[in-house]
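K.L.:
Next comes the structure file my_file.cif, holding mmCIF, C-alpha atoms, pLDDT in the B column; chains and numbers go by the auth columns.
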data_model
loop_
_atom_site.group_PDB
_atom_site.id
_atom_site.type_symbol
_atom_site.label_atom_id
_atom_site.label_comp_id
_atom_site.label_asym_id
_atom_site.label_seq_id
_atom_site.Cartn_x
_atom_site.Cartn_y
_atom_site.Cartn_z
_atom_site.B_iso_or_equiv
_atom_site.auth_seq_id
_atom_site.auth_asym_id
ATOM 1 C CA MET A 1 28.302 77.367 2.714 37.00 7 A
ATOM 2 C CA GLN A 2 24.881 75.983 1.825 39.00 8 A
ATOM 3 C CA ASP A 3 23.614 73.252 4.126 42.00 9 A
ATOM 4 C CA GLU A 4 23.614 69.777 2.601 44.00 10 A
ATOM 5 C CA VAL A 5 20.171 68.341 2.048 43.00 11 A
ATOM 6 C CA PHE A 6 19.619 64.612 2.505 50.00 12 A
ATOM 7 C CA SER A 7 16.636 62.358 3.058 54.00 13 A
ATOM 8 C CA MET A 8 16.098 59.740 5.732 61.00 14 A
ATOM 9 C CA SER A 9 13.930 56.657 5.735 66.00 15 A
ATOM 10 C CA THR A 10 11.354 56.102 8.469 71.00 16 A
ATOM 11 C CA LYS A 11 13.675 53.548 10.077 73.00 17 A
ATOM 12 C CA GLU A 12 16.578 56.009 10.059 74.00 18 A
ATOM 13 C CA GLU A 13 14.414 58.780 11.543 78.00 19 A
ATOM 14 C CA ALA A 14 13.399 56.437 14.369 80.00 20 A
ATOM 15 C CA ARG A 15 17.047 55.580 15.045 81.00 21 A
ATOM 16 C CA LEU A 16 18.016 59.246 15.067 83.00 22 A
ATOM 17 C CA ASN A 17 15.303 60.014 17.612 86.00 23 A
ATOM 18 C CA ILE A 18 16.510 57.215 19.893 87.00 24 A
ATOM 19 C CA LEU A 19 20.159 58.291 19.573 88.00 25 A
ATOM 20 C CA GLN A 20 19.226 61.852 20.482 88.00 26 A
ATOM 21 C CA GLN A 21 17.521 60.520 23.596 89.00 27 A
ATOM 22 C CA ILE A 22 20.697 58.618 24.505 89.00 28 A
ATOM 23 C CA GLU A 23 22.792 61.754 24.009 89.00 29 A
ATOM 24 C CA SER A 24 20.482 63.772 26.264 88.00 30 A
ATOM 25 C CA LYS A 25 20.633 60.917 28.815 89.00 31 A
ATOM 26 C CA LYS A 26 16.882 60.324 28.700 90.00 32 A
ATOM 27 C CA ILE A 27 17.395 56.609 28.060 91.00 33 A
ATOM 28 C CA THR A 28 20.270 54.143 28.372 91.00 34 A
ATOM 29 C CA GLN A 29 21.989 52.330 25.523 89.00 35 A
ATOM 30 C CA ARG A 30 20.509 49.055 26.747 89.00 36 A
ATOM 31 C CA LYS A 31 16.993 50.519 26.634 89.00 37 A
ATOM 32 C CA ALA A 32 17.683 51.915 23.162 86.00 38 A
ATOM 33 C CA ALA A 33 18.793 48.470 21.979 86.00 39 A
ATOM 34 C CA GLU A 34 15.523 47.004 23.243 86.00 40 A
ATOM 35 C CA LEU A 35 13.445 49.705 21.525 85.00 41 A
ATOM 36 C CA LEU A 36 15.220 49.228 18.196 82.00 42 A
ATOM 37 C CA THR A 37 15.510 45.434 18.633 82.00 43 A
ATOM 38 C CA ILE A 38 19.233 45.485 17.889 81.00 44 A
ATOM 39 C CA SER A 39 22.321 44.684 19.970 82.00 45 A
ATOM 40 C CA THR A 40 24.052 47.123 22.309 83.00 46 A
ATOM 41 C CA ARG A 41 27.132 46.764 20.099 83.00 47 A
ATOM 42 C CA GLN A 42 25.138 48.106 17.159 83.00 48 A
ATOM 43 C CA ILE A 43 23.882 50.947 19.357 86.00 49 A
ATOM 44 C CA ARG A 44 27.484 51.869 20.197 87.00 50 A
ATOM 45 C CA ASN A 45 28.399 51.840 16.503 84.00 51 A
ATOM 46 C CA LEU A 46 25.419 54.050 15.670 85.00 52 A
ATOM 47 C CA MET A 47 26.314 56.481 18.455 86.00 53 A
ATOM 48 C CA ARG A 48 29.877 56.679 17.171 86.00 54 A
ATOM 49 C CA ALA A 49 28.626 57.493 13.661 83.00 55 A
ATOM 50 C CA PHE A 50 26.142 60.003 15.064 84.00 56 A
ATOM 51 C CA LYS A 51 28.805 61.818 17.096 86.00 57 A
ATOM 52 C CA GLU A 52 31.242 61.918 14.170 83.00 58 A
ATOM 53 C CA HIS A 53 28.869 62.820 11.345 80.00 59 A
ATOM 54 C CA GLY A 54 25.633 63.955 12.947 79.00 60 A
ATOM 55 C CA ALA A 55 22.286 62.919 11.480 76.00 61 A
ATOM 56 C CA GLN A 56 23.912 62.076 8.152 75.00 62 A
ATOM 57 C CA GLY A 57 25.948 59.387 9.890 73.00 63 A
ATOM 58 C CA ILE A 58 22.732 57.451 10.487 73.00 64 A
ATOM 59 C CA ILE A 59 21.902 57.189 6.790 69.00 65 A
ATOM 60 C CA SER A 60 22.799 53.774 5.442 55.00 66 A
ATOM 61 C CA GLN A 61 25.952 54.003 3.343 50.00 67 A
ATOM 62 C CA LYS A 62 24.777 50.877 1.523 47.00 68 A
ATOM 63 C CA ARG A 63 21.630 52.548 0.200 49.00 69 A
ATOM 64 C CA GLY A 64 21.336 52.142 -3.545 46.00 70 A
ATOM 65 C CA LYS A 65 24.617 50.280 -3.966 45.00 71 A
ATOM 66 C CA MET A 66 23.122 47.311 -5.778 44.00 72 A
ATOM 67 C CA LYS A 67 19.980 48.805 -7.259 44.00 73 A
ATOM 68 C CA ASN A 68 19.246 49.184 -10.936 41.00 74 A
ATOM 69 C CA ARG A 69 21.700 46.525 -12.033 47.00 75 A
ATOM 70 C CA LYS A 70 21.564 42.835 -12.624 61.00 76 A
ATOM 71 C CA TYR A 71 22.701 40.488 -9.880 72.00 77 A
ATOM 72 C CA ASP A 72 25.279 37.935 -10.989 77.00 78 A
ATOM 73 C CA ALA A 73 24.769 34.218 -10.479 82.00 79 A
ATOM 74 C CA SER A 74 27.434 33.864 -7.770 85.00 80 A
ATOM 75 C CA LEU A 75 25.823 36.560 -5.654 87.00 81 A
ATOM 76 C CA LYS A 76 22.401 34.972 -6.082 88.00 82 A
ATOM 77 C CA THR A 77 23.833 31.633 -4.948 89.00 83 A
ATOM 78 C CA LYS A 78 25.513 33.249 -1.935 91.00 84 A
ATOM 79 C CA ILE A 79 22.328 35.064 -0.867 91.00 85 A
ATOM 80 C CA LEU A 80 20.111 32.004 -1.198 91.00 86 A
ATOM 81 C CA LYS A 81 22.639 29.940 0.760 91.00 87 A
ATOM 82 C CA LEU A 82 22.510 32.489 3.587 92.00 88 A
ATOM 83 C CA VAL A 83 18.717 32.530 3.542 91.00 89 A
ATOM 84 C CA ARG A 84 18.547 28.734 3.569 90.00 90 A
ATOM 85 C CA GLU A 85 21.048 28.395 6.437 90.00 91 A
ATOM 86 C CA LYS A 86 20.083 31.357 8.641 90.00 92 A
ATOM 87 C CA TYR A 87 16.772 32.897 7.580 89.00 93 A
ATOM 88 C CA GLU A 88 14.752 30.039 6.150 83.00 94 A
ATOM 89 C CA ASP A 89 11.755 30.820 8.367 85.00 95 A
ATOM 90 C CA PHE A 90 11.758 34.498 7.401 87.00 96 A
ATOM 91 C CA GLY A 91 9.612 36.194 4.775 88.00 97 A
ATOM 92 C CA PRO A 92 11.339 38.234 2.016 89.00 98 A
ATOM 93 C CA THR A 93 10.922 41.563 3.827 88.00 99 A
ATOM 94 C CA LEU A 94 12.467 40.415 7.108 89.00 100 A
ATOM 95 C CA ALA A 95 15.145 38.423 5.269 90.00 101 A
ATOM 96 C CA CYS A 96 16.129 41.591 3.349 88.00 102 A
ATOM 97 C CA GLU A 97 16.465 43.528 6.593 88.00 103 A
ATOM 98 C CA TYR A 98 18.662 40.859 8.189 90.00 104 A
ATOM 99 C CA LEU A 99 20.827 40.514 5.073 91.00 105 A
ATOM 100 C CA GLU A 100 21.523 44.242 5.184 87.00 106 A
ATOM 101 C CA GLU A 101 21.932 44.446 8.963 86.00 107 A
ATOM 102 C CA TYR A 102 24.065 41.356 9.568 88.00 108 A
ATOM 103 C CA GLU A 103 25.545 40.308 6.200 87.00 109 A
ATOM 104 C CA ASP A 104 26.231 43.747 4.654 86.00 110 A
ATOM 105 C CA ILE A 105 24.187 42.768 1.585 88.00 111 A
ATOM 106 C CA VAL A 106 21.572 45.081 0.068 86.00 112 A
ATOM 107 C CA ILE A 107 19.021 43.559 -2.264 87.00 113 A
ATOM 108 C CA SER A 108 15.523 44.566 -3.289 85.00 114 A
ATOM 109 C CA ARG A 109 12.691 42.813 -1.482 86.00 115 A
ATOM 110 C CA GLU A 110 10.957 41.925 -4.757 87.00 116 A
ATOM 111 C CA THR A 111 14.091 40.312 -6.219 89.00 117 A
ATOM 112 C CA LEU A 112 14.623 38.229 -3.095 90.00 118 A
ATOM 113 C CA ARG A 113 10.939 37.290 -3.036 89.00 119 A
ATOM 114 C CA GLN A 114 11.160 35.945 -6.604 89.00 120 A
ATOM 115 C CA TRP A 115 14.340 33.996 -5.810 90.00 121 A
ATOM 116 C CA MET A 116 12.804 32.485 -2.679 89.00 122 A
ATOM 117 C CA ILE A 117 9.707 31.426 -4.619 87.00 123 A
ATOM 118 C CA GLU A 118 11.861 29.860 -7.350 86.00 124 A
ATOM 119 C CA THR A 119 13.798 27.795 -4.817 85.00 125 A
ATOM 120 C CA HIS A 120 10.725 26.937 -2.684 83.00 126 A
ATOM 121 C CA LEU A 121 11.983 28.946 0.288 84.00 127 A
ATOM 122 C CA TRP A 122 8.854 31.091 0.233 83.00 128 A
ATOM 123 C CA VAL A 123 5.244 30.488 -0.760 77.00 129 A
ATOM 124 C CA SER A 124 3.413 33.524 -2.121 65.00 130 A
ATOM 125 C CA ARG A 125 0.198 34.638 -0.434 59.00 131 A
ATOM 126 C CA THR A 126 -1.799 33.624 -3.514 54.00 132 A
ATOM 127 C CA ARG A 127 -0.490 30.056 -3.403 51.00 133 A
ATOM 128 C CA LYS A 128 -0.977 29.903 0.357 50.00 134 A
ATOM 129 C CA LYS A 129 -4.656 30.733 -0.119 49.00 135 A
ATOM 130 C CA ASN A 130 -4.977 27.868 -2.566 48.00 136 A
ATOM 131 C CA ILE A 131 -3.330 25.476 -0.130 48.00 137 A
ATOM 132 C CA HIS A 132 -5.212 26.498 2.991 52.00 138 A
ATOM 133 C CA PRO A 133 -7.498 29.441 3.730 55.00 139 A
ATOM 134 C CA LEU A 134 -5.775 32.015 5.909 60.00 140 A
ATOM 135 C CA ARG A 135 -7.262 32.918 9.239 66.00 141 A
ATOM 136 C CA ARG A 136 -8.249 36.564 9.421 77.00 142 A
ATOM 137 C CA ARG A 137 -6.035 38.597 11.680 77.00 143 A
ATOM 138 C CA LYS A 138 -7.475 40.205 14.771 81.00 144 A
ATOM 139 C CA GLU A 139 -8.653 43.764 14.292 82.00 145 A
ATOM 140 C CA HIS A 140 -7.094 45.354 17.364 84.00 146 A
ATOM 141 C CA PHE A 141 -3.705 45.321 19.047 81.00 147 A
ATOM 142 C CA GLY A 142 -3.592 43.003 22.051 78.00 148 A
ATOM 143 C CA GLU A 143 -6.468 40.698 21.106 83.00 149 A
ATOM 144 C CA MET A 144 -4.152 37.798 20.318 86.00 150 A
ATOM 145 C CA LEU A 145 -0.506 37.216 21.189 83.00 151 A
ATOM 146 C CA GLN A 146 1.569 34.525 19.493 84.00 152 A
ATOM 147 C CA GLY A 147 4.819 33.120 20.831 84.00 153 A
ATOM 148 C CA ASP A 148 7.527 31.362 18.862 83.00 154 A
ATOM 149 C CA GLY A 149 11.222 30.556 18.860 80.00 155 A
ATOM 150 C CA SER A 150 13.706 30.737 15.983 80.00 156 A
ATOM 151 C CA HIS A 151 16.826 28.550 16.298 76.00 157 A
ATOM 152 C CA HIS A 152 19.911 29.738 14.409 74.00 158 A
ATOM 153 C CA ASP A 153 23.612 30.374 14.830 74.00 159 A
ATOM 154 C CA TRP A 154 22.729 34.035 15.401 73.00 160 A
ATOM 155 C CA PHE A 155 26.196 35.161 16.505 73.00 161 A
ATOM 156 C CA GLU A 156 28.311 32.983 14.196 69.00 162 A
ATOM 157 C CA ASN A 157 30.208 31.437 17.102 66.00 163 A
ATOM 158 C CA ASN A 158 29.152 27.829 16.520 64.00 164 A
ATOM 159 C CA SER A 159 26.806 28.048 19.504 71.00 165 A
ATOM 160 C CA PRO A 160 23.262 28.082 18.129 73.00 166 A
ATOM 161 C CA CYS A 161 20.659 29.713 20.317 80.00 167 A
ATOM 162 C CA ALA A 162 16.990 30.551 20.115 82.00 168 A
ATOM 163 C CA LEU A 163 15.392 33.930 19.562 84.00 169 A
ATOM 164 C CA VAL A 164 12.177 33.608 21.555 86.00 170 A
ATOM 165 C CA TYR A 165 9.577 36.279 20.896 86.00 171 A
ATOM 166 C CA PHE A 166 5.965 37.356 21.213 85.00 172 A
ATOM 167 C CA ILE A 167 4.218 38.920 18.220 85.00 173 A
ATOM 168 C CA ASP A 168 0.893 40.732 18.153 83.00 174 A
ATOM 169 C CA ASP A 169 -1.539 39.114 15.722 83.00 175 A
ATOM 170 C CA ALA A 170 -3.285 42.317 14.594 82.00 176 A
ATOM 171 C CA THR A 171 -0.198 44.422 13.862 83.00 177 A
ATOM 172 C CA ASN A 172 2.464 41.732 13.314 81.00 178 A
ATOM 173 C CA ARG A 173 4.563 43.712 15.790 84.00 179 A
ATOM 174 C CA ILE A 174 7.103 41.988 18.008 84.00 180 A
ATOM 175 C CA THR A 175 6.322 43.143 21.539 84.00 181 A
ATOM 176 C CA ALA A 176 9.017 41.275 23.433 85.00 182 A
ATOM 177 C CA ALA A 177 11.997 39.082 22.561 86.00 183 A
ATOM 178 C CA LYS A 178 15.032 37.458 24.119 85.00 184 A
ATOM 179 C CA PHE A 179 17.979 35.309 23.033 84.00 185 A
ATOM 180 C CA SER A 180 18.209 32.087 25.031 83.00 186 A
ATOM 181 C CA GLU A 181 20.333 28.937 24.879 82.00 187 A
ATOM 182 C CA GLU A 182 17.149 26.864 24.793 81.00 188 A
ATOM 183 C CA GLU A 183 13.495 27.536 24.025 81.00 189 A
ATOM 184 C CA THR A 184 12.226 26.984 27.562 84.00 190 A
ATOM 185 C CA LEU A 185 9.034 27.744 29.462 85.00 191 A
ATOM 186 C CA GLU A 186 11.052 29.980 31.784 87.00 192 A
ATOM 187 C CA THR A 187 12.169 32.089 28.808 85.00 193 A
ATOM 188 C CA TYR A 188 8.568 32.465 27.662 86.00 194 A
ATOM 189 C CA PHE A 189 7.612 33.624 31.157 87.00 195 A
ATOM 190 C CA GLU A 190 10.405 36.216 31.056 87.00 196 A
ATOM 191 C CA ILE A 191 9.347 37.677 27.723 86.00 197 A
ATOM 192 C CA LEU A 192 5.705 37.563 28.831 86.00 198 A
ATOM 193 C CA GLU A 193 6.734 39.842 31.689 86.00 199 A
ATOM 194 C CA LYS A 194 8.436 42.145 29.163 83.00 200 A
ATOM 195 C CA HIS A 195 5.290 42.140 27.047 81.00 201 A
ATOM 196 C CA LEU A 196 3.101 43.063 30.024 83.00 202 A
ATOM 197 C CA ARG A 197 5.453 45.904 30.930 78.00 203 A
ATOM 198 C CA PHE A 198 5.337 47.051 27.304 69.00 204 A
ATOM 199 C CA ARG A 199 1.530 47.097 27.389 65.00 205 A
ATOM 200 C CA SER A 200 1.434 49.082 30.624 61.00 206 A
ATOM 201 C CA ALA A 201 4.103 51.592 29.546 58.00 207 A
#
Starting from the file, give its structure as C-alpha coordinates.

P.N.:
Amino acid sequence: MQDEVFSMSTKEEARLNILQQIESKKITQRKAAELLTISTRQIRNLMRAFKEHGAQGIISQKRGKMKNRKYDASLKTKILKLVREKYEDFGPTLACEYLEEYEDIVISRETLRQWMIETHLWVSRTRKKNIHPLRRRKEHFGEMLQGDGSHHDWFENNSPCALVYFIDDATNRITAAKFSEEETLETYFEILEKHLRFRSA
(Lines of atoms letter the chains of each structure in order from A and count residues from 1; the text may use other names and numbers.)
(Lines give C-alpha, C1' and ligand atoms only; values in the text may rest on other atoms or scores of the structure.)
Protein backbone atom coordinates (compact mmCIF):
# COMPACT_ATOMS: atom_id res chain seq x y z
CA MET A 1 0.00 0.00 0.00
CA GLN A 2 1.34 3.43 -0.93
CA ASP A 3 2.04 5.72 2.00
CA GLU A 4 -0.42 8.59 2.39
CA VAL A 5 1.08 11.99 1.76
CA PHE A 6 -0.13 14.96 3.80
CA SER A 7 1.17 18.41 4.61
CA MET A 8 1.59 20.06 7.98
CA SER A 9 1.64 23.71 8.92
CA THR A 10 4.56 25.18 10.85
CA LYS A 11 2.43 25.17 14.01
CA GLU A 12 1.55 21.50 13.53
CA GLU A 13 5.19 20.56 12.91
CA ALA A 14 6.16 22.29 16.16
CA ARG A 15 3.46 20.39 18.05
CA LEU A 16 4.57 17.09 16.54
CA ASN A 17 8.15 17.73 17.64
CA ILE A 18 7.03 18.47 21.21
CA LEU A 19 4.78 15.39 21.33
CA GLN A 20 7.65 13.20 20.15
CA GLN A 21 9.76 14.59 22.98
CA ILE A 22 6.99 13.70 25.45
CA GLU A 23 6.78 10.17 24.05
CA SER A 24 10.54 9.70 24.40
CA LYS A 25 10.29 11.11 27.95
CA LYS A 26 12.63 14.00 27.21
CA ILE A 27 10.12 16.51 28.58
CA THR A 28 7.00 16.37 30.75
CA GLN A 29 3.47 17.20 29.65
CA ARG A 30 3.53 20.27 31.88
CA LYS A 31 6.72 21.52 30.21
CA ALA A 32 5.20 20.83 26.79
CA ALA A 33 2.13 22.87 27.73
CA GLU A 34 4.38 25.78 28.68
CA LEU A 35 6.35 25.55 25.43
CA LEU A 36 3.20 25.49 23.30
CA THR A 37 1.34 27.96 25.56
CA ILE A 38 -1.67 25.67 25.83
CA SER A 39 -3.26 23.78 28.73
CA THR A 40 -2.15 20.36 29.96
CA ARG A 41 -5.63 19.11 29.04
CA GLN A 42 -4.98 20.09 25.43
CA ILE A 43 -1.60 18.35 25.60
CA ARG A 44 -3.32 15.15 26.75
CA ASN A 45 -5.82 15.40 23.89
CA LEU A 46 -3.00 15.92 21.39
CA MET A 47 -1.08 12.95 22.78
CA ARG A 48 -4.17 10.78 22.49
CA ALA A 49 -4.60 11.78 18.84
CA PHE A 50 -0.89 11.26 18.20
CA LYS A 51 -0.91 7.76 19.69
CA GLU A 52 -4.06 6.75 17.79
CA HIS A 53 -3.30 8.27 14.39
CA GLY A 54 0.37 9.19 14.39
CA ALA A 55 1.54 12.45 12.82
CA GLN A 56 -1.68 12.75 10.83
CA GLY A 57 -3.61 12.99 14.09
CA ILE A 58 -1.95 16.35 14.73
CA ILE A 59 -3.31 17.91 11.54
CA SER A 60 -6.29 20.11 12.27
CA GLN A 61 -9.48 18.36 11.17
CA LYS A 62 -11.07 21.80 10.85
CA ARG A 63 -8.64 22.93 8.16
CA GLY A 64 -10.47 24.25 5.13
CA LYS A 65 -13.95 23.56 6.48
CA MET A 66 -15.23 27.10 6.02
CA LYS A 67 -12.97 28.38 3.27
CA ASN A 68 -14.07 29.41 -0.19
CA ARG A 69 -17.68 29.99 0.78
CA LYS A 70 -19.68 32.89 2.02
CA TYR A 71 -20.30 33.24 5.74
CA ASP A 72 -23.95 33.67 6.67
CA ALA A 73 -25.16 36.59 8.76
CA SER A 74 -25.91 34.51 11.87
CA LEU A 75 -22.39 33.12 11.96
CA LYS A 76 -20.92 36.60 11.51
CA THR A 77 -23.03 37.84 14.42
CA LYS A 78 -21.96 34.90 16.60
CA ILE A 79 -18.26 35.41 15.83
CA LEU A 80 -18.33 39.15 16.48
CA LYS A 81 -20.20 38.57 19.74
CA LEU A 82 -17.46 36.17 20.86
CA VAL A 83 -14.74 38.62 19.86
CA ARG A 84 -16.46 41.48 21.67
CA GLU A 85 -17.01 39.46 24.86
CA LYS A 86 -13.78 37.44 25.06
CA TYR A 87 -11.17 38.71 22.60
CA GLU A 88 -11.83 42.42 22.27
CA ASP A 89 -8.20 43.31 23.01
CA PHE A 90 -6.87 40.85 20.43
CA GLY A 91 -5.79 41.60 16.88
CA PRO A 92 -7.39 39.61 14.01
CA THR A 93 -4.56 37.06 13.83
CA LEU A 94 -4.62 36.16 17.52
CA ALA A 95 -8.42 36.27 17.60
CA CYS A 96 -8.52 33.76 14.70
CA GLU A 97 -6.21 31.41 16.58
CA TYR A 98 -8.31 31.56 19.76
CA LEU A 99 -11.57 31.10 17.84
CA GLU A 100 -10.19 27.92 16.31
CA GLU A 101 -8.52 26.66 19.49
CA TYR A 102 -11.27 27.38 22.02
CA GLU A 103 -14.51 27.94 20.06
CA ASP A 104 -14.07 25.34 17.27
CA ILE A 105 -14.60 28.06 14.66
CA VAL A 106 -12.33 28.42 11.62
CA ILE A 107 -12.40 31.70 9.76
CA SER A 108 -9.89 33.47 7.54
CA ARG A 109 -7.83 36.18 9.20
CA GLU A 110 -8.64 38.69 6.44
CA THR A 111 -12.40 38.15 6.77
CA LEU A 112 -12.27 38.62 10.53
CA ARG A 113 -10.05 41.68 10.11
CA GLN A 114 -12.63 43.31 7.81
CA TRP A 115 -15.48 42.48 10.21
CA MET A 116 -13.58 43.88 13.18
CA ILE A 117 -12.83 47.10 11.29
CA GLU A 118 -16.49 47.44 10.28
CA THR A 119 -17.65 47.12 13.89
CA HIS A 120 -14.81 49.26 15.33
CA LEU A 121 -13.26 46.32 17.18
CA TRP A 122 -9.99 46.81 15.32
CA VAL A 123 -8.18 49.82 13.88
CA SER A 124 -6.05 49.11 10.82
CA ARG A 125 -2.36 50.01 10.91
CA THR A 126 -2.94 52.73 8.31
CA ARG A 127 -5.58 54.45 10.44
CA LYS A 128 -3.45 54.04 13.56
CA LYS A 129 -0.63 55.93 11.84
CA ASN A 130 -3.02 58.77 11.08
CA ILE A 131 -4.18 58.89 14.69
CA HIS A 132 -0.78 58.67 16.36
CA PRO A 133 2.67 57.86 15.00
CA LEU A 134 3.77 54.38 16.02
CA ARG A 135 6.92 53.95 18.02
CA ARG A 136 9.51 51.90 16.17
CA ARG A 137 10.03 48.48 17.65
CA LYS A 138 13.38 47.56 19.11
CA GLU A 139 15.74 45.85 16.71
CA HIS A 140 16.91 42.99 18.92
CA PHE A 141 15.29 40.44 21.19
CA GLY A 142 15.55 41.38 24.86
CA GLU A 143 16.02 45.13 24.46
CA MET A 144 12.54 45.91 25.76
CA LEU A 145 10.07 43.77 27.68
CA GLN A 146 6.42 44.75 28.06
CA GLY A 147 4.06 43.36 30.67
CA ASP A 148 0.28 43.32 30.53
CA GLY A 149 -2.77 41.50 31.83
CA SER A 150 -5.89 40.40 29.94
CA HIS A 151 -9.05 39.89 32.04
CA HIS A 152 -11.61 37.44 30.64
CA ASP A 153 -13.75 34.48 31.61
CA TRP A 154 -11.03 32.27 30.11
CA PHE A 155 -12.43 28.95 31.36
CA GLU A 156 -16.15 29.67 30.99
CA ASN A 157 -16.84 28.92 34.65
CA ASN A 158 -18.14 32.35 35.63
CA SER A 159 -14.88 33.05 37.45
CA PRO A 160 -13.00 35.64 35.40
CA CYS A 161 -9.25 35.66 35.81
CA ALA A 162 -6.30 37.48 34.32
CA LEU A 163 -3.77 36.19 31.84
CA VAL A 164 -0.63 38.06 32.87
CA TYR A 165 2.22 37.96 30.39
CA PHE A 166 5.50 39.46 29.24
CA ILE A 167 6.05 40.12 25.54
CA ASP A 168 9.30 40.98 23.79
CA ASP A 169 9.05 44.28 21.91
CA ALA A 170 11.32 43.34 18.99
CA THR A 171 9.78 39.97 18.13
CA ASN A 172 6.27 40.32 19.62
CA ARG A 173 6.96 36.96 21.28
CA ILE A 174 5.38 36.07 24.60
CA THR A 175 8.25 34.95 26.82
CA ALA A 176 6.33 34.13 29.98
CA ALA A 177 2.68 33.98 31.04
CA LYS A 178 0.47 32.84 33.89
CA PHE A 179 -3.24 32.73 34.74
CA SER A 180 -4.00 34.47 38.02
CA GLU A 181 -7.15 35.41 39.94
CA GLU A 182 -5.92 39.01 40.07
CA GLU A 183 -3.35 41.07 38.19
CA THR A 184 -0.96 41.50 41.12
CA LEU A 185 2.64 42.60 41.56
CA GLU A 186 3.43 39.15 42.94
CA THR A 187 2.20 37.55 39.70
CA TYR A 188 4.41 39.88 37.66
CA PHE A 189 7.39 38.88 39.81
CA GLU A 190 6.60 35.20 39.17
CA ILE A 191 6.44 35.57 35.40
CA LEU A 192 9.54 37.77 35.48
CA GLU A 193 11.33 34.81 37.05
CA LYS A 194 10.00 32.60 34.24
CA HIS A 195 11.21 35.12 31.68
CA LEU A 196 14.70 35.21 33.20
CA ARG A 197 14.86 31.41 33.18
CA PHE A 198 13.72 31.46 29.55
CA ARG A 199 16.52 33.88 28.65
CA SER A 200 19.15 31.78 30.40
CA ALA A 201 17.94 28.47 28.95

K.L.:
Run through the PyMOL selection byres ((chain A and resi 147) around 7) on the given coordinates and return the selected residues as a count of residues only.

P.N.:
6

K.L.:
Might you pull out every residue within 9 Å of Gly97 of chain A, with only C-alpha atoms counted and same-chain residues fewer than 5 positions away left off, and present them as an MDAnalysis selection string?

P.N.:
chainID A and resid 102 119 122 127:128

K.L.:
So that I have them on file, write out the residues from the current selection with C-alpha atoms, as a PDB file, in the frame of the given file.

P.N.:
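New file again.pdb:
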ATOM      1  CA  CYS A 102      16.129  41.591   3.349  1.00 88.00           C
ATOM      2  CA  ARG A 119      10.939  37.290  -3.036  1.00 89.00           C
ATOM      3  CA  MET A 122      12.804  32.485  -2.679  1.00 89.00           C
ATOM      4  CA  LEU A 127      11.983  28.946   0.288  1.00 84.00           C
ATOM      5  CA  TRP A 128       8.854  31.091   0.233  1.00 83.00           C
TER       6      TRP A 128
END

K.L.:
Translate the PyMOL selection byres ((chain A and resi 170) around 6) into a concrete residue list for this structure, as a PDB file with C-alpha atoms, keeping the file's coordinate frame.

P.N.:
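The new file selection.pdb reads:
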ATOM      1  CA  ASP A 154       7.527  31.362  18.862  1.00 83.00           C
ATOM      2  CA  GLY A 155      11.222  30.556  18.860  1.00 80.00           C
ATOM      3  CA  ALA A 168      16.990  30.551  20.115  1.00 82.00           C
ATOM      4  CA  LEU A 169      15.392  33.930  19.562  1.00 84.00           C
ATOM      5  CA  TYR A 171       9.577  36.279  20.896  1.00 86.00           C
ATOM      6  CA  ALA A 183      11.997  39.082  22.561  1.00 86.00           C
ATOM      7  CA  LYS A 184      15.032  37.458  24.119  1.00 85.00           C
TER       8      LYS A 184
END

K.L.:
Evaluate the PyMOL selection byres ((chain A and resi 36-38) around 12) here and jot the selected residues down as a ChimeraX atom specification.

P.N.:
/A:20-29,31-35,39-50,52-53

K.L.:
Keeping C-alpha atoms, export the residues of the selection given above as an mmCIF file, keeping the file's coordinate frame.

P.N.:
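File result_37.cif, as written:
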data_model
loop_
_atom_site.group_PDB
_atom_site.id
_atom_site.type_symbol
_atom_site.label_atom_id
_atom_site.label_comp_id
_atom_site.auth_asym_id
_atom_site.auth_seq_id
_atom_site.Cartn_x
_atom_site.Cartn_y
_atom_site.Cartn_z
ATOM 1 C CA ALA A 20 13.399 56.437 14.369
ATOM 2 C CA ARG A 21 17.047 55.580 15.045
ATOM 3 C CA LEU A 22 18.016 59.246 15.067
ATOM 4 C CA ASN A 23 15.303 60.014 17.612
ATOM 5 C CA ILE A 24 16.510 57.215 19.893
ATOM 6 C CA LEU A 25 20.159 58.291 19.573
ATOM 7 C CA GLN A 26 19.226 61.852 20.482
ATOM 8 C CA GLN A 27 17.521 60.520 23.596
ATOM 9 C CA ILE A 28 20.697 58.618 24.505
ATOM 10 C CA GLU A 29 22.792 61.754 24.009
ATOM 11 C CA LYS A 31 20.633 60.917 28.815
ATOM 12 C CA LYS A 32 16.882 60.324 28.700
ATOM 13 C CA ILE A 33 17.395 56.609 28.060
ATOM 14 C CA THR A 34 20.270 54.143 28.372
ATOM 15 C CA GLN A 35 21.989 52.330 25.523
ATOM 16 C CA ALA A 39 18.793 48.470 21.979
ATOM 17 C CA GLU A 40 15.523 47.004 23.243
ATOM 18 C CA LEU A 41 13.445 49.705 21.525
ATOM 19 C CA LEU A 42 15.220 49.228 18.196
ATOM 20 C CA THR A 43 15.510 45.434 18.633
ATOM 21 C CA ILE A 44 19.233 45.485 17.889
ATOM 22 C CA SER A 45 22.321 44.684 19.970
ATOM 23 C CA THR A 46 24.052 47.123 22.309
ATOM 24 C CA ARG A 47 27.132 46.764 20.099
ATOM 25 C CA GLN A 48 25.138 48.106 17.159
ATOM 26 C CA ILE A 49 23.882 50.947 19.357
ATOM 27 C CA ARG A 50 27.484 51.869 20.197
ATOM 28 C CA LEU A 52 25.419 54.050 15.670
ATOM 29 C CA MET A 53 26.314 56.481 18.455
#

K.L.:
Can you pull out every residue within 12 Å of Leu100 of chain A, counting all atoms listed in the file, but drop anything in the same chain fewer than 5 positions away, and send it as a list in words?

P.N.:
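Here the answer would be Val89, Lys92, Tyr93, Glu94, Asp95, Leu105, Glu106, Glu107, Tyr108, Ile113, Ser114, Arg115, Leu118, Arg119 and Asn178 of chain A.
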
K.L.:
Kindly indicate which residue among A:Glu91, A:Glu103, A:Asp110, A:Glu124 lies nearest to His158 of chain A, using only C-alpha atoms for the distances.

P.N.:
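Ranking A:Glu91, A:Glu103, A:Asp110, A:Glu124 by distance to His158 of chain A, first place goes to A:Glu91.
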
K.L.:
Between atom CA of Val112 of chain A and atom CA of Tyr77 of chain A, what is the spacing in Å?

P.N.:
11.0 Å

K.L.:
Just to confirm, what's the straight-line distance from atom CA of Trp121 of chain A to atom CA of Lys82 of chain A in Å (one decimal)?

P.N.:
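Between these atoms lies a distance of 8.1 Å.
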